[in-house]
Amino acid sequence: MKSKPKLPIELQAVIAMLLIQLVHKIVREIPGSLNLEGSGWIITIMISILLFAGIVLTLFRNKAGLVLGIICGVWMIFQPIYVHIIIAIPDQNGIWWYPIFPWIQAILIIYFCVISWDSNKKLL
């Protein structure tokens, strides 16, 4: 006999994607932003806090967690454009195609947040 999961699979997908992005921010982006001059590290830490808040709120089935996930996803689409094109800071590893990975993660986060919002109206 299968037991029913406590959270719907859509919410589990949102939490998993947000967690992957939070770990990425902690491991790669926060240390990288601390090495740069300026106040970019403040934005990076603020987005990390929003990701963490989104995870916690989604665990408690609060729609605000999905909204924070969408906000962070949109920021993740524009962050590489802002950092690598507008400010012209080269990637730490010198890889030109690196922004493809955050964009894919951002698209998946936004997608799963929208799917969760639509399919779990009565569960949230």
# chains A, B, ... in the order shown; residues from 1 in each chain; ligands from 1

$ select_by_dssp --residues "chain A" --states "helix (DSSP H, G or I)" --output "count of residues only"
91

$ closest_residue --among "A:Leu7, A:Ile30, A:Ile100, A:Leu18" --to "Gly65 in chain A" --atoms "only C-alpha atoms"
A:Leu18

$ closest_residue --among "A:Ser33, A:Leu59, A:Phe78, A:Phe101" --to "Ile9 in chain A" --atoms "only C-alpha atoms"
A:Leu59

$ residues_around --residues "range 25-27 of chain A" --least-positions-apart "5" --cutoff "10 Å" --atoms "only C-alpha atoms" --output "ChimeraX atom specification"
/A:19-20,32-33,44-45,47-48,51

$ write_last_selection --atoms "N, CA, C and O atoms" --output "short mmCIF file (atom, residue, chain, number, x, y, z; two decimals), in the first residue's frame"
data_model
loop_
_atom_site.label_atom_id
_atom_site.label_comp_id
_atom_site.auth_asym_id
_atom_site.auth_seq_id
_atom_site.Cartn_x
_atom_site.Cartn_y
_atom_site.Cartn_z
N LEU A 19 15.96 24.68 -3.91
CA LEU A 19 17.08 24.21 -3.11
C LEU A 19 18.35 24.08 -3.95
O LEU A 19 19.45 24.46 -3.50
N ILE A 20 18.23 23.58 -5.17
CA ILE A 20 19.39 23.48 -6.07
C ILE A 20 19.97 24.87 -6.32
O ILE A 20 21.18 25.08 -6.27
N GLY A 32 31.98 34.32 -5.11
CA GLY A 32 32.42 35.11 -6.26
C GLY A 32 32.09 36.58 -6.12
O GLY A 32 32.88 37.45 -6.48
N SER A 33 30.89 36.87 -5.59
CA SER A 33 30.50 38.27 -5.43
C SER A 33 31.27 38.95 -4.31
O SER A 33 31.49 40.16 -4.35
N THR A 44 23.26 39.45 -4.05
CA THR A 44 23.38 37.99 -4.09
C THR A 44 22.90 37.37 -2.78
O THR A 44 22.17 36.38 -2.79
N ILE A 45 23.28 37.96 -1.67
CA ILE A 45 22.83 37.44 -0.37
C ILE A 45 21.33 37.66 -0.19
O ILE A 45 20.62 36.79 0.33
N ILE A 47 19.02 37.72 -2.57
CA ILE A 47 18.32 36.72 -3.39
C ILE A 47 18.40 35.35 -2.71
O ILE A 47 17.44 34.58 -2.75
N SER A 48 19.54 35.05 -2.09
CA SER A 48 19.68 33.78 -1.37
C SER A 48 18.69 33.69 -0.21
O SER A 48 18.09 32.64 0.03
N LEU A 51 15.33 33.02 -1.67
CA LEU A 51 15.22 31.60 -2.03
C LEU A 51 14.91 30.75 -0.80
O LEU A 51 14.03 29.89 -0.84
#

$ residues_around --residues "Val74 in chain A" --least-positions-apart "6" --cutoff "12 Å" --atoms "only C-alpha atoms" --output "ChimeraX atom specification"
/A:47,67-68,80-81,102-111,113
